[in-house]
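Read through the structure below, which is laid out as structure tokens, and then see the notes.
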Amino acid sequence: MENQTLVKEICPTTTQQWVKNGALLVDVREKAAVEQLAYDVPNIINIPLSEFEERFHEIPKDKKVVMVCKGGSSSLRAAGFLVNHGYSNVVNMQHGLDRWVQKGFPTKGDITLVSGEGSCCSSSGCC
Amino acid sequence: MTEIKVLGPGCPKCKTTYSNVLEALKKSGIEANVEKVEDIEEMMKYNVLTTPVLMIDEQIKIKGRVAQVSEIVELLKR
């Protein structure tokens with residue numbers, strides 16, 4: 001994945017544990033993509049990257065937050081943006097929805113839209 | 001000398017922006033240092049959300065779309 005030190009990154013499996021412990025997921029994909037296929041978790045909000053600068057204040061600073069997208073890169077930039085704006089409980093989910101689907105984690109919508117590429121390490125038990 | 005940076009992960013739009021910058025410099029005759037920034041950590045320092053980003057002298061001028069040659073020329077003349 002991306003080589004950087006600003007934002008902590010976790011894999012989809014760890015994200016599942018964070019979700020169980022009440023973390024909030026923030027999906028930065030555009031609305032049309034979310035309508036086609038969405039993460040099916042209890043606490044999630046959608047703030048598209050195109051609206052992020054205007055709406056990032058909607059994200060609570062006192063909660064654990066996992067940034068998500070389709071492949072993990074856009075959400076990483078958004079997570080970096082939040083860290084630069086004083087958020088300390090923010091992590092990025094590596095590999096995004098593509099890996100989430102490969103792992104069989106819950107979604108709403110059409111999973112055939114997700115490509116099967118990048119499944120090199122799906123048998124590792126984690127990411 | 002003018003410093004130009006094109007920030008982006010190496011996507012086709014980023015490559016087009018970079019080549020448009022070179023074309024704009026050729027057309028305008030302006031000399032500048034041009035740098036392609038693909039490092040995610042470097043991009044995050046500038047709070048970049050949507051790419052590509054065109055920066056001139058450390059100021060973000062255009063973000064989230066390809067900068068056209070004519071508008072780069074205009075930006076360089078200012």
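Ligands are numbered from 1 in the order shown, residues from 1 within each chain, and chains are lettered A, B, ... in the order they appear in the structure tokens.
Contact shell of Ser70 of chain B at 12 Å (only C-alpha atoms; same-chain neighbours under 5 positions omitted): B:Thr17, B:Asn20, B:Val21, B:Leu22, B:Glu23, B:Ala24, B:Leu25, B:Lys26, B:Lys27, B:Ser28, B:Leu75, B:Leu76, B:Lys77.
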Requested write-out: N, CA and C atoms of the selected residues, as a PDB file, in the first residue's frame:
ATOM      1  N   THR B  17      -1.921  16.731 -17.221  1.00  0.00           N
ATOM      2  CA  THR B  17      -1.647  18.037 -16.613  1.00  0.00           C
ATOM      3  C   THR B  17      -0.160  18.365 -16.693  1.00  0.00           C
ATOM      4  N   ASN B  20       0.727  19.233 -20.143  1.00  0.00           N
ATOM      5  CA  ASN B  20       0.168  20.552 -20.466  1.00  0.00           C
ATOM      6  C   ASN B  20       1.027  21.679 -19.876  1.00  0.00           C
ATOM      7  N   VAL B  21       1.584  21.442 -18.706  1.00  0.00           N
ATOM      8  CA  VAL B  21       2.477  22.427 -18.093  1.00  0.00           C
ATOM      9  C   VAL B  21       3.705  22.644 -18.974  1.00  0.00           C
ATOM     10  N   LEU B  22       4.275  21.551 -19.429  1.00  0.00           N
ATOM     11  CA  LEU B  22       5.466  21.665 -20.283  1.00  0.00           C
ATOM     12  C   LEU B  22       5.122  22.400 -21.577  1.00  0.00           C
ATOM     13  N   GLU B  23       3.964  22.099 -22.117  1.00  0.00           N
ATOM     14  CA  GLU B  23       3.507  22.751 -23.352  1.00  0.00           C
ATOM     15  C   GLU B  23       3.277  24.248 -23.116  1.00  0.00           C
ATOM     16  N   ALA B  24       2.686  24.572 -21.972  1.00  0.00           N
ATOM     17  CA  ALA B  24       2.408  25.976 -21.629  1.00  0.00           C
ATOM     18  C   ALA B  24       3.713  26.762 -21.488  1.00  0.00           C
ATOM     19  N   LEU B  25       4.718  26.142 -20.912  1.00  0.00           N
ATOM     20  CA  LEU B  25       6.010  26.810 -20.746  1.00  0.00           C
ATOM     21  C   LEU B  25       6.664  27.051 -22.110  1.00  0.00           C
ATOM     22  N   LYS B  26       6.512  26.071 -22.976  1.00  0.00           N
ATOM     23  CA  LYS B  26       7.075  26.176 -24.325  1.00  0.00           C
ATOM     24  C   LYS B  26       6.408  27.333 -25.079  1.00  0.00           C
ATOM     25  N   LYS B  27       5.069  27.357 -24.975  1.00  0.00           N
ATOM     26  CA  LYS B  27       4.305  28.392 -25.692  1.00  0.00           C
ATOM     27  C   LYS B  27       4.580  29.789 -25.165  1.00  0.00           C
ATOM     28  N   SER B  28       4.690  29.902 -23.860  1.00  0.00           N
ATOM     29  CA  SER B  28       4.822  31.228 -23.251  1.00  0.00           C
ATOM     30  C   SER B  28       6.270  31.716 -23.199  1.00  0.00           C
ATOM     31  N   LEU B  75      -2.216  31.710 -16.034  1.00  0.00           N
ATOM     32  CA  LEU B  75      -1.792  31.700 -14.627  1.00  0.00           C
ATOM     33  C   LEU B  75      -0.321  32.095 -14.489  1.00  0.00           C
ATOM     34  N   LEU B  76       0.485  31.686 -15.462  1.00  0.00           N
ATOM     35  CA  LEU B  76       1.912  32.000 -15.401  1.00  0.00           C
ATOM     36  C   LEU B  76       2.186  33.478 -15.679  1.00  0.00           C
ATOM     37  N   LYS B  77       1.293  34.098 -16.436  1.00  0.00           N
ATOM     38  CA  LYS B  77       1.494  35.528 -16.780  1.00  0.00           C
ATOM     39  C   LYS B  77       1.144  36.446 -15.614  1.00  0.00           C
TER      40      LYS B  77
END
- Query: Would you list which chain B residues are within 8 Å of chain A using only C-alpha atoms, as a list in words?
  - Reply: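 Selected residues: Ile40, Glu41, Met43, Met44, Lys45, Asn47, Val48, Leu49 and Thr50 of chain B.
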Any chance you can output those residues with C-alpha atoms as a short mmCIF file (atom, residue, chain, number, x, y, z; two decimals), in the first residue's frame?
data_model
loop_
_atom_site.label_atom_id
_atom_site.label_comp_id
_atom_site.auth_asym_id
_atom_site.auth_seq_id
_atom_site.Cartn_x
_atom_site.Cartn_y
_atom_site.Cartn_z
CA ILE B 40 1.29 10.41 -1.01
CA GLU B 41 2.87 11.83 2.13
CA MET B 43 0.52 15.31 -1.22
CA MET B 44 -1.07 15.04 2.21
CA LYS B 45 1.13 17.88 3.46
CA ASN B 47 -4.15 18.74 2.15
CA VAL B 48 -4.79 17.46 -1.33
CA LEU B 49 -8.12 15.65 -1.65
CA THR B 50 -8.83 15.53 -5.36
#
- Near segment 25-32 of chain A, counting only C-alpha atoms, which residues have an atom at most 12 Å away, once you skip same-chain residues fewer than 5 positions from it, shown as an NGL selection string? (:A and (12 or 15-16 or 18-20 or 37-53 or 55-56 or 58-60 or 63-79 or 82 or 89-93 or 96-97 or 109)) or (:B and (49-50))
- Query: To one decimal place, how far is atom CA of Gly64 of chain B from atom CA of Tyr18 of chain B in Å?
  - Reply: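 Those two atoms sit 13.6 Å apart.
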- Calculate how many Å separate atom CA of Val73 of chain B from atom CA of Ile30 of chain B, rounding to one decimal. 8.9 Å
- Message: Can you tell me which residues surround Val53 of chain B at a distance of at most 9 Å, considering only C-alpha atoms, apart from same-chain residues fewer than 5 positions away, and format the answer as a PyMOL selection string?
- Response: chain B and resi 5-8+14+17+48+60-67
- Task: Using only C-alpha atoms, find the one residue out of B:Glu42, B:Glu31, B:Glu74, B:Thr16 that sits nearest to Thr2 of chain B.
- Result: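 Ranking B:Glu42, B:Glu31, B:Glu74, B:Thr16 by distance to Thr2 of chain B, first place goes to B:Glu31.
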- Note on the structure: Students should find that atom CA of His95 of chain A and atom CA of Cys11 of chain A are spaced 7.4 Å
- Task: Using backbone DSSP assignments, extract all helix (DSSP H, G or I) residues from chain B; output them as a VMD selection string.
- Result: chain B and resid 12 to 28 40 to 45 69 to 77
- Task: Run DSSP on the backbone of this structure and report the residues of segment 5-70 of chain B it assigns to strand (DSSP E or B), as a ChimeraX atom specification.
- Result: /B:5-7,32-37,53-56,59-63
